[in-house]
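Shown below: data.csv, with CSV, C-alpha atoms.
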```csv
chain,number,residue,atom,x,y,z
T,1270,MET,CA,-222.4,-95.0,23.6
T,1271,TYR,CA,-223.4,-92.9,20.6
T,1272,VAL,CA,-225.3,-95.0,18.1
T,1273,MET,CA,-226.4,-93.8,14.6
T,1274,ILE,CA,-229.3,-95.7,13.1
T,1275,ALA,CA,-230.1,-95.3,9.4
T,1276,GLY,CA,-233.7,-96.2,8.5
T,1277,GLY,CA,-236.7,-95.4,10.7
T,1278,GLY,CA,-238.8,-98.4,9.8
T,1279,LYS,CA,-240.0,-100.9,12.5
T,1280,VAL,CA,-236.5,-102.3,13.1
T,1281,GLY,CA,-234.8,-98.9,13.3
T,1282,TYR,CA,-237.5,-97.4,15.5
T,1283,HIS,CA,-237.6,-100.3,18.0
T,1284,LEU,CA,-233.8,-100.4,18.1
T,1285,ALA,CA,-233.7,-96.6,18.8
T,1286,LYS,CA,-236.3,-96.9,21.5
T,1287,GLY,CA,-234.5,-99.8,23.2
T,1288,LEU,CA,-231.1,-98.1,23.1
T,1289,ILE,CA,-232.5,-94.9,24.5
T,1290,SER,CA,-234.1,-96.6,27.4
T,1291,ALA,CA,-230.8,-98.4,28.0
T,1292,GLY,CA,-229.3,-94.9,28.4
T,1293,HIS,CA,-227.5,-94.6,25.0
T,1294,GLU,CA,-227.4,-91.5,22.8
T,1295,VAL,CA,-229.1,-92.2,19.5
T,1296,ALA,CA,-229.6,-90.5,16.2
T,1297,LEU,CA,-232.3,-92.1,14.0
T,1298,ILE,CA,-232.1,-90.9,10.4
T,1299,GLU,CA,-235.1,-91.4,8.2
T,1300,LYS,CA,-235.3,-90.4,4.5
T,1301,ASP,CA,-239.1,-90.1,4.1
T,1302,LYS,CA,-240.6,-86.8,5.2
T,1303,GLY,CA,-243.9,-88.1,6.5
T,1304,ARG,CA,-242.3,-91.0,8.4
T,1305,ALA,CA,-239.6,-88.7,9.9
T,1306,ALA,CA,-242.3,-86.4,11.2
T,1307,GLU,CA,-244.1,-89.3,12.8
T,1308,LEU,CA,-240.9,-90.4,14.5
T,1309,PHE,CA,-240.2,-86.9,15.6
T,1310,GLU,CA,-243.6,-86.9,17.4
T,1311,ILE,CA,-242.6,-90.0,19.4
T,1312,LEU,CA,-238.9,-89.7,19.8
T,1313,GLY,CA,-238.3,-85.9,19.7
T,1314,GLU,CA,-234.9,-84.7,18.4
T,1315,THR,CA,-233.5,-88.2,18.3
T,1316,ALA,CA,-235.4,-88.6,15.0
T,1317,VAL,CA,-234.0,-86.6,12.1
T,1318,ARG,CA,-234.8,-86.4,8.5
T,1319,GLY,CA,-232.1,-87.0,5.9
T,1320,ASP,CA,-230.6,-89.4,3.4
T,1321,ALA,CA,-228.1,-91.4,5.5
T,1322,CYS,CA,-226.2,-92.4,2.3
T,1323,GLU,CA,-225.1,-88.7,1.9
T,1324,VAL,CA,-221.9,-87.7,3.6
T,1325,ARG,CA,-223.5,-84.3,4.3
T,1326,THR,CA,-226.1,-86.0,6.5
T,1327,MET,CA,-223.6,-88.2,8.2
T,1328,LYS,CA,-221.5,-85.2,9.1
T,1329,ARG,CA,-224.4,-83.1,10.2
T,1330,TYR,CA,-225.5,-85.6,12.8
T,1331,GLY,CA,-222.0,-86.4,14.1
T,1332,MET,CA,-220.9,-89.5,12.3
T,1333,GLU,CA,-217.3,-88.8,13.3
T,1334,ARG,CA,-218.1,-89.5,17.0
T,1335,ALA,CA,-220.5,-92.4,16.5
T,1336,ASP,CA,-219.4,-95.6,18.3
T,1337,VAL,CA,-221.7,-97.8,16.3
T,1338,VAL,CA,-223.5,-97.3,12.9
T,1339,VAL,CA,-226.5,-99.5,12.2
T,1340,ALA,CA,-228.1,-99.6,8.8
T,1341,THR,CA,-231.6,-100.9,9.0
T,1342,THR,CA,-233.3,-99.7,5.8
T,1343,GLY,CA,-235.3,-102.1,3.7
T,1344,ASP,CA,-232.8,-101.8,0.8
T,1345,ASP,CA,-229.7,-103.9,1.0
T,1346,GLU,CA,-227.7,-101.7,-1.4
T,1347,ASP,CA,-228.4,-98.7,0.8
T,1348,ASN,CA,-227.3,-100.6,4.0
T,1349,LEU,CA,-224.1,-101.7,2.2
T,1350,VAL,CA,-223.2,-98.2,1.1
T,1351,ILE,CA,-224.1,-96.6,4.5
T,1352,CYS,CA,-221.7,-99.0,6.3
T,1353,GLN,CA,-218.9,-98.7,3.7
T,1354,MET,CA,-219.1,-94.9,3.6
T,1355,ALA,CA,-219.2,-94.7,7.4
T,1356,LYS,CA,-216.0,-96.7,7.5
T,1357,GLN,CA,-214.3,-95.0,4.5
T,1358,ARG,CA,-215.1,-91.4,5.3
T,1359,PHE,CA,-215.4,-91.4,9.1
T,1360,GLN,CA,-213.5,-94.5,10.2
T,1361,ALA,CA,-216.6,-95.7,12.2
T,1362,PRO,CA,-215.3,-98.2,14.7
T,1363,ARG,CA,-218.2,-100.6,14.3
T,1364,THR,CA,-220.9,-100.9,11.5
T,1365,ILE,CA,-223.8,-103.3,11.5
T,1366,ALA,CA,-225.9,-103.9,8.4
T,1367,ARG,CA,-229.3,-105.4,8.2
T,1368,VAL,CA,-229.6,-107.8,5.4
T,1369,ASN,CA,-233.1,-108.1,3.9
T,1370,ASP,CA,-232.5,-110.8,1.3
T,1371,PRO,CA,-230.7,-113.8,2.9
T,1372,ASN,CA,-228.8,-114.3,-0.4
T,1373,ASN,CA,-227.0,-111.0,0.2
T,1374,GLU,CA,-225.5,-112.1,3.5
T,1375,GLU,CA,-222.7,-113.9,1.6
T,1376,VAL,CA,-222.3,-110.9,-0.6
T,1377,PHE,CA,-221.9,-108.5,2.4
T,1378,GLN,CA,-219.4,-110.7,4.0
T,1379,ARG,CA,-217.3,-111.0,0.9
T,1380,LEU,CA,-217.5,-107.3,0.4
T,1381,GLY,CA,-216.0,-106.8,3.9
T,1382,ILE,CA,-219.0,-105.7,6.0
T,1383,ASP,CA,-218.0,-107.0,9.5
T,1384,GLU,CA,-221.4,-107.6,11.0
T,1385,THR,CA,-224.7,-108.4,9.4
T,1386,VAL,CA,-228.1,-109.3,10.8
T,1387,SER,CA,-230.6,-111.1,8.7
T,1388,SER,CA,-233.9,-111.7,10.4
T,1389,THR,CA,-235.2,-113.9,7.6
T,1390,LYS,CA,-232.1,-116.1,8.0
T,1391,ILE,CA,-232.3,-116.2,11.8
T,1392,ILE,CA,-235.9,-117.4,11.7
T,1393,PHE,CA,-235.1,-119.9,9.0
T,1394,ASN,CA,-232.1,-121.3,11.0
T,1395,LEU,CA,-234.2,-121.6,14.2
T,1396,ILE,CA,-236.8,-123.7,12.4
T,1397,GLU,CA,-234.2,-125.8,10.6
T,1398,ARG,CA,-232.3,-126.5,13.8
T,1399,GLU,CA,-235.5,-127.6,15.4
T,1400,ILE,CA,-236.2,-130.0,12.7
T,1401,GLU,CA,-232.6,-131.3,12.3
T,1402,THR,CA,-231.7,-132.1,15.9
T,1403,ASP,CA,-235.1,-133.4,16.8
T,1404,GLN,CA,-236.2,-135.2,13.6
T,1405,LEU,CA,-239.6,-135.1,15.3
T,1406,VAL,CA,-241.8,-132.2,14.5
T,1407,PRO,CA,-245.2,-131.5,16.1
T,1408,ILE,CA,-247.7,-130.9,13.3
T,1409,ALA,CA,-250.9,-130.3,15.3
T,1410,ALA,CA,-252.0,-130.4,18.8
T,1411,LEU,CA,-255.4,-131.9,19.6
T,1412,LYS,CA,-257.5,-131.7,22.8
T,1413,ARG,CA,-255.6,-128.7,24.1
T,1414,GLY,CA,-252.3,-130.3,23.5
T,1415,ASN,CA,-253.0,-133.5,25.2
T,1416,ILE,CA,-252.7,-135.4,21.9
T,1417,GLU,CA,-250.3,-134.5,19.2
T,1418,ILE,CA,-249.8,-135.4,15.6
T,1419,VAL,CA,-246.1,-135.6,15.0
T,1420,GLU,CA,-243.9,-136.3,11.9
T,1421,ILE,CA,-240.6,-138.2,12.3
T,1422,ASP,CA,-238.1,-138.2,9.4
T,1423,LEU,CA,-236.1,-141.4,9.5
T,1424,GLY,CA,-232.4,-140.8,8.9
T,1425,SER,CA,-230.0,-143.5,7.7
T,1426,ASP,CA,-229.0,-144.0,11.3
T,1427,SER,CA,-232.5,-144.6,12.7
T,1428,PRO,CA,-232.6,-147.8,14.9
T,1429,VAL,CA,-236.0,-148.8,13.3
T,1430,LEU,CA,-234.9,-149.4,9.7
T,1431,GLY,CA,-235.9,-152.8,8.4
T,1432,LYS,CA,-238.2,-153.4,11.4
T,1433,GLU,CA,-241.9,-154.2,11.2
T,1434,ILE,CA,-244.1,-151.7,12.9
T,1435,GLY,CA,-245.8,-154.4,15.0
T,1436,LYS,CA,-242.5,-155.3,16.5
T,1437,LEU,CA,-241.3,-151.8,17.5
T,1438,GLY,CA,-242.7,-151.9,21.0
T,1439,LEU,CA,-244.5,-148.6,20.7
T,1440,PRO,CA,-245.4,-146.8,23.9
T,1441,PRO,CA,-249.1,-147.1,25.0
T,1442,ASN,CA,-251.7,-144.8,23.3
T,1443,THR,CA,-249.6,-144.3,20.2
T,1444,LEU,CA,-250.8,-144.8,16.7
T,1445,ILE,CA,-248.8,-144.8,13.5
T,1446,ILE,CA,-251.3,-143.3,11.1
T,1447,SER,CA,-249.3,-142.9,7.9
T,1448,ILE,CA,-245.9,-143.5,6.3
T,1449,VAL,CA,-244.9,-141.1,3.6
T,1450,ARG,CA,-242.5,-142.9,1.3
T,1451,ASP,CA,-241.3,-141.4,-2.0
T,1452,ASP,CA,-244.1,-138.8,-1.9
T,1453,HIS,CA,-246.8,-141.4,-1.4
T,1454,ALA,CA,-248.7,-141.7,1.8
T,1455,LEU,CA,-249.2,-145.3,2.9
T,1456,ILE,CA,-251.6,-146.7,5.4
T,1457,PRO,CA,-249.3,-148.9,7.5
T,1458,HIS,CA,-250.0,-152.4,8.8
T,1459,VAL,CA,-248.4,-154.2,11.6
T,1460,ASN,CA,-246.0,-155.9,9.2
T,1461,THR,CA,-245.0,-152.8,7.2
T,1462,GLU,CA,-241.2,-152.5,7.3
T,1463,LEU,CA,-239.7,-149.1,7.8
T,1464,GLU,CA,-237.1,-147.7,5.4
T,1465,SER,CA,-234.6,-144.9,5.4
T,1466,ARG,CA,-236.1,-141.5,4.4
T,1467,ASP,CA,-239.6,-142.6,5.4
T,1468,SER,CA,-241.7,-139.9,7.1
T,1469,VAL,CA,-243.7,-141.4,9.9
T,1470,ILE,CA,-246.9,-139.6,10.9
T,1471,ALA,CA,-248.0,-140.6,14.4
T,1472,LEU,CA,-250.7,-139.8,16.8
T,1473,VAL,CA,-249.3,-139.7,20.3
T,1474,GLU,CA,-250.3,-138.7,23.8
T,1475,SER,CA,-248.0,-135.8,24.7
T,1476,ASP,CA,-246.4,-137.4,27.6
T,1477,GLN,CA,-245.4,-140.4,25.5
T,1478,GLU,CA,-243.6,-138.3,22.9
T,1479,PRO,CA,-240.1,-138.7,24.5
T,1480,ALA,CA,-240.6,-142.5,24.4
T,1481,LEU,CA,-241.7,-142.4,20.8
T,1482,ARG,CA,-238.7,-140.2,19.9
T,1483,SER,CA,-236.2,-142.6,21.5
T,1484,ILE,CA,-237.6,-145.5,19.6
T,1485,PHE,CA,-237.4,-143.8,16.2
T,1486,VAL,CA,-234.4,-141.5,16.6
T,1487,GLY,CA,-232.4,-143.4,19.2
T,1488,GLU,CA,-230.7,-141.9,22.2
T,1489,ARG,CA,-228.6,-138.9,21.6
W,965,MET,CA,-215.9,-108.2,-25.8
W,966,ARG,CA,-218.7,-109.7,-23.7
W,967,VAL,CA,-220.4,-106.8,-21.9
W,968,ILE,CA,-223.2,-106.7,-19.3
W,969,ILE,CA,-225.1,-103.5,-18.9
W,970,LEU,CA,-227.2,-103.0,-15.8
W,971,GLY,CA,-230.0,-100.4,-16.2
W,972,CYS,CA,-231.8,-99.8,-19.5
W,973,GLY,CA,-232.4,-96.1,-19.2
W,974,ARG,CA,-231.2,-93.5,-21.7
W,975,VAL,CA,-227.5,-94.1,-21.0
W,976,GLY,CA,-227.8,-97.9,-20.8
W,977,SER,CA,-229.8,-98.3,-23.9
W,978,THR,CA,-227.6,-96.0,-25.9
W,979,MET,CA,-224.5,-97.8,-24.8
W,980,ALA,CA,-226.0,-101.1,-25.7
W,981,ARG,CA,-226.7,-100.0,-29.2
W,982,MET,CA,-223.2,-98.4,-29.6
W,983,LEU,CA,-221.4,-101.5,-28.3
W,984,GLU,CA,-223.5,-103.8,-30.5
W,985,ARG,CA,-222.8,-101.7,-33.6
W,986,GLU,CA,-219.1,-102.1,-32.8
W,987,GLY,CA,-219.5,-105.9,-32.8
W,988,HIS,CA,-219.6,-106.6,-29.1
W,989,GLU,CA,-221.8,-109.2,-27.4
W,990,VAL,CA,-224.1,-107.2,-25.1
W,991,THR,CA,-226.6,-108.3,-22.4
W,992,VAL,CA,-228.8,-105.7,-20.8
W,993,ILE,CA,-230.4,-106.2,-17.4
W,994,ASP,CA,-233.3,-104.1,-16.0
W,995,TRP,CA,-235.9,-104.4,-13.3
W,996,ASN,CA,-238.6,-103.4,-15.7
W,997,GLN,CA,-239.5,-105.1,-19.0
W,998,ASP,CA,-240.9,-101.9,-20.2
W,999,SER,CA,-237.4,-100.2,-20.2
W,1000,PHE,CA,-236.3,-102.4,-23.1
W,1001,ARG,CA,-238.5,-100.4,-25.5
W,1002,ARG,CA,-235.6,-98.0,-25.6
W,1003,LEU,CA,-233.4,-100.6,-27.3
W,1004,ASP,CA,-235.0,-100.3,-30.8
W,1005,THR,CA,-233.0,-102.4,-33.2
W,1006,PHE,CA,-230.8,-104.0,-30.5
W,1007,ARG,CA,-230.6,-107.8,-31.0
W,1008,GLY,CA,-228.6,-108.8,-28.0
W,1009,LYS,CA,-229.9,-110.5,-24.8
W,1010,THR,CA,-232.2,-108.8,-22.4
W,1011,LEU,CA,-232.9,-110.0,-18.9
W,1012,VAL,CA,-235.5,-108.8,-16.3
W,1013,GLY,CA,-234.3,-108.9,-12.8
W,1014,SER,CA,-232.3,-107.3,-10.0
W,1015,GLY,CA,-228.7,-106.4,-10.7
W,1016,ILE,CA,-227.6,-107.2,-7.1
W,1017,ASP,CA,-228.9,-110.7,-7.3
W,1018,MET,CA,-226.1,-113.1,-8.0
W,1019,ASP,CA,-228.4,-115.6,-9.6
W,1020,VAL,CA,-229.6,-112.9,-12.1
W,1021,LEU,CA,-226.0,-111.9,-12.8
W,1022,ARG,CA,-225.0,-115.5,-13.4
W,1023,LYS,CA,-227.9,-115.9,-15.8
W,1024,ALA,CA,-226.7,-112.9,-17.6
W,1025,GLY,CA,-223.4,-114.6,-18.1
W,1026,ILE,CA,-221.3,-112.6,-15.6
W,1027,GLU,CA,-218.9,-115.6,-15.1
W,1028,LYS,CA,-217.7,-115.2,-18.7
W,1029,ALA,CA,-218.1,-111.4,-19.1
W,1030,ASP,CA,-215.2,-109.2,-19.9
W,1031,ALA,CA,-216.9,-106.0,-18.7
W,1032,PHE,CA,-219.7,-104.9,-16.5
W,1033,VAL,CA,-221.3,-101.4,-16.5
W,1034,ALA,CA,-223.9,-100.3,-13.9
W,1035,VAL,CA,-226.0,-97.3,-15.0
W,1036,THR,CA,-229.3,-97.7,-13.1
W,1037,ASN,CA,-230.7,-94.5,-11.6
W,1038,GLY,CA,-229.7,-95.7,-8.1
W,1039,ASP,CA,-226.2,-94.9,-7.0
W,1040,ASN,CA,-226.2,-97.6,-4.4
W,1041,THR,CA,-227.4,-100.3,-6.7
W,1042,ASN,CA,-224.7,-99.4,-9.1
W,1043,ILE,CA,-222.1,-99.4,-6.3
W,1044,MET,CA,-223.2,-102.7,-5.0
W,1045,SER,CA,-223.5,-104.5,-8.3
W,1046,VAL,CA,-220.1,-103.3,-9.5
W,1047,GLN,CA,-218.6,-104.6,-6.3
W,1048,ILE,CA,-220.2,-108.0,-6.8
W,1049,ALA,CA,-219.0,-108.1,-10.4
W,1050,LYS,CA,-215.4,-107.1,-9.4
W,1051,GLU,CA,-214.9,-108.8,-6.0
W,1052,ILE,CA,-217.0,-112.0,-6.4
W,1053,PHE,CA,-217.1,-112.7,-10.2
W,1054,LYS,CA,-213.7,-111.1,-10.9
W,1055,VAL,CA,-214.9,-109.3,-14.0
W,1056,SER,CA,-211.8,-107.4,-15.1
W,1057,LYS,CA,-213.5,-104.2,-16.2
W,1058,ALA,CA,-216.4,-103.0,-14.0
W,1059,LEU,CA,-217.6,-99.5,-14.0
W,1060,ALA,CA,-220.3,-97.6,-12.0
W,1061,ARG,CA,-222.0,-94.4,-13.0
W,1062,ILE,CA,-222.6,-92.4,-9.8
W,1063,TYR,CA,-224.6,-89.2,-9.5
W,1064,ASP,CA,-223.3,-88.2,-6.0
W,1065,PRO,CA,-219.7,-86.8,-6.4
W,1066,VAL,CA,-218.9,-87.6,-2.8
W,1067,ARG,CA,-219.8,-91.2,-3.2
W,1068,ALA,CA,-218.0,-91.4,-6.5
W,1069,SER,CA,-214.7,-90.2,-5.1
W,1070,ALA,CA,-215.1,-92.3,-1.9
W,1071,TYR,CA,-215.5,-95.5,-4.0
W,1072,LYS,CA,-212.7,-94.6,-6.3
W,1073,GLN,CA,-210.5,-94.5,-3.3
W,1074,LEU,CA,-211.7,-97.9,-2.4
W,1075,GLY,CA,-210.6,-99.2,-5.8
W,1076,ILE,CA,-214.0,-99.2,-7.5
W,1077,GLU,CA,-214.1,-97.6,-11.0
W,1078,THR,CA,-216.6,-94.8,-10.9
W,1079,LEU,CA,-217.7,-92.1,-13.3
W,1080,CYS,CA,-219.5,-89.2,-11.8
W,1081,THR,CA,-221.7,-87.7,-14.6
W,1082,THR,CA,-222.8,-84.9,-12.3
W,1083,SER,CA,-219.3,-83.5,-12.0
W,1084,ILE,CA,-218.6,-84.1,-15.7
W,1085,GLY,CA,-221.8,-82.4,-16.7
W,1086,ALA,CA,-221.4,-79.4,-14.4
W,1087,GLY,CA,-217.8,-79.0,-15.3
W,1088,LEU,CA,-218.3,-79.2,-19.0
W,1089,MET,CA,-221.3,-76.8,-19.0
W,1090,THR,CA,-219.4,-74.3,-16.8
W,1091,ASP,CA,-216.4,-74.3,-19.1
W,1092,PHE,CA,-218.7,-73.9,-22.1
W,1093,LEU,CA,-220.5,-71.1,-20.4
W,1094,LEU,CA,-217.2,-69.3,-19.7
W,1095,SER,CA,-216.0,-69.9,-23.2
W,1096,ARG,CA,-213.2,-72.2,-22.1
W,1097,GLU,CA,-211.8,-75.2,-23.8
W,1098,PRO,CA,-213.2,-78.5,-22.5
W,1099,ARG,CA,-210.8,-80.4,-20.3
W,1100,PRO,CA,-210.1,-84.2,-20.2
W,1101,VAL,CA,-213.0,-86.0,-18.5
W,1102,MET,CA,-211.1,-87.3,-15.5
W,1103,GLU,CA,-210.3,-83.7,-14.5
W,1104,TYR,CA,-213.9,-83.0,-14.1
W,1105,CYS,CA,-214.4,-86.0,-11.8
W,1106,ALA,CA,-212.0,-84.4,-9.3
W,1107,ILE,CA,-214.1,-81.2,-9.1
W,1108,GLU,CA,-215.9,-82.1,-5.9
W,1109,SER,CA,-212.8,-82.5,-3.9
W,1110,GLU,CA,-211.4,-79.2,-5.3
W,1111,LEU,CA,-214.6,-77.4,-4.1
W,1112,ASN,CA,-214.2,-78.8,-0.7
W,1113,VAL,CA,-210.6,-77.7,-0.2
```

Would you mind writing the structure in this file as structure tokens?
Amino acid sequence: MYVMIAGGGKVGYHLAKGLISAGHEVALIEKDKGRAAELFEILGETAVRGDACEVRTMKRYGMERADVVVATTGDDEDNLVICQMAKQRFQAPRTIARVNDPNNEEVFQRLGIDETVSSTKIIFNLIEREIETDQLVPIAALKRGNIEIVEIDLGSDSPVLGKEIGKLGLPPNTLIISIVRDDHALIPHVNTELESRDSVIALVESDQEPALRSIFVGER
Amino acid sequence: MRVIILGCGRVGSTMARMLEREGHEVTVIDWNQDSFRRLDTFRGKTLVGSGIDMDVLRKAGIEKADAFVAVTNGDNTNIMSVQIAKEIFKVSKALARIYDPVRASAYKQLGIETLCTTSIGAGLMTDFLLSREPRPVMEYCAIESELNV
């Protein structure tokens, strides 16, 4: 496959390296003179200097036979234009744009860019998913991970709502250390009743964590 | 008419004052607060921010704007912001100033209104130099494709 990469920053460079070692033909186009020289030292003739937004540059490095065009610069407007020009002028079969500002992902889609990659969004989604499906987030590990402090957000479907802490039947070696309710941290007592949207902070031995989770979150 | 001008350089600031004098409601956006010094007596709204940020554009009133003009010194910023104005906010008149004649004609073919001041300037000056009558502006915009034939 012939892959044209616009932008020789970290993303473009590592992508080029990876594709080359997988046996693909690559052109890495970098605008900045100094950076292009650096890349040339490492990658040889794969790295070229030029403004990938210019049709002249695209033509010179064989855009018409590129199978994939990847725009990885740090400027979203440049990435958009590179992909659109590659399609408009060279009928590039596949264009992929890096999106730096997650807000622009929607814009790119609505402007007809078929594939976008947003590293910021990907990381954010991973973290969000972690929180949402688990509802139990490790905050800190003590004693080399033997004991953890965890936070559990109580949803409206939590089985413990309206129950007193003393009657939950907590697993051994578990301590509820605080309840955050309406932005106030409370020191709980055995007869404190749990409410929806409470955040429960607990100290728990790592191997008791699943038991704690099933009490507060229920079985899924 | 409610007009948003993106880019307060020489062209943007001149347009802002011209349009205001003719009674239009003008908002000017620029990255740099400093650029607004060019506006002199202009009394319309100014906004510091990025022209490809939908929140900034909303703040500038793009949802109710009749026209949007992008005249920053970055072709790609102009291209992207005009597409946002046209495709997402459905502004009926959206125009991008583009320096690169190739990009200008490519986007014209994609249905984006562009004005290539490079071609217009070069064409006008060439005609002047050769003592010819100036041609209609849009004829100059087609110069690049003529040269490539």

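Those residues that approach Gly1013 (chain W) to within 12 Å, counting all atoms listed in the file, are Leu970, Gly971, Cys972, Val992, Ile993, Asp994, Trp995, Asn996, Gln997, Ser999, Thr1010, Ile1016, Asp1017, Met1018, Asp1019, Val1020, Leu1021, Arg1022, Lys1023 and Ala1024 of chain W; same-chain residues fewer than 3 positions away are not listed.
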
**OP:** Mind giving me the straight-line distance from CA of Val1339 (chain T) to CA of Asp1039 (chain W) in Å, one decimal?
**Re:** 19.7 Å

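Of the residues under consideration (W:Ser1069, W:Thr1081, W:Ser1095, W:Thr978), W:Ser1069 shows the shortest atom-to-atom contact distance to chain T when counting only C-alpha atoms.
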
What are the closest atom pairs, with distances in Å to one decimal, for each residue of chain T lying within 8 Å of chain W, using all atoms listed in the file, rows by chain and rising residue number, as a tab-separated table?
```
residue	atom	partner	partner_atom	distance
T:Glu1323	CA	W:Arg1067	CA	7.8
T:Val1324	CA	W:Val1066	CA	7.1
T:Glu1346	CA	W:Asn1040	CA	5.3
T:Asp1347	CA	W:Asn1040	CA	5.8
T:Leu1349	CA	W:Met1044	CA	7.3
T:Val1350	CA	W:Asn1040	CA	6.3
T:Met1354	CA	W:Ala1070	CA	7.3
T:Gln1357	CA	W:Ala1070	CA	7.0
T:Arg1358	CA	W:Ala1070	CA	7.3
T:Asn1372	CA	W:Asp1017	CA	7.8
T:Asn1373	CA	W:Asp1017	CA	7.7
T:Val1376	CA	W:Ile1048	CA	7.2
T:Arg1379	CA	W:Ile1052	CA	7.4
T:Leu1380	CA	W:Glu1051	CA	7.1
```

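With CA of Val1035 (chain W) on one side and CA of Phe1359 (chain T) on the other, the separation reads 27.0 Å.
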
**OP:** Point out the residue among W:Phe1092, W:Tyr1104, W:Phe1006, W:Tyr1063 with the least atom-to-atom distance to Val990 (chain W), counting all atoms listed in the file.
**Re:**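 Closest to Val990 (chain W) of all the choices is W:Phe1006.
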
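Protein and nucleic acid residues near (-253.5, -142.7, 20.4) are Leu1411, Lys1412, Asn1415, Ile1416, Glu1417, Ile1418, Val1419, Leu1439, Pro1440, Pro1441, Asn1442, Thr1443, Leu1444, Ile1445, Ile1446, Ile1470, Ala1471, Leu1472, Val1473, Glu1474, Ser1475, Asp1476, Gln1477, Glu1478 and Leu1481 of chain T, the criterion being any atom at most 12 Å away using all atoms listed in the file.
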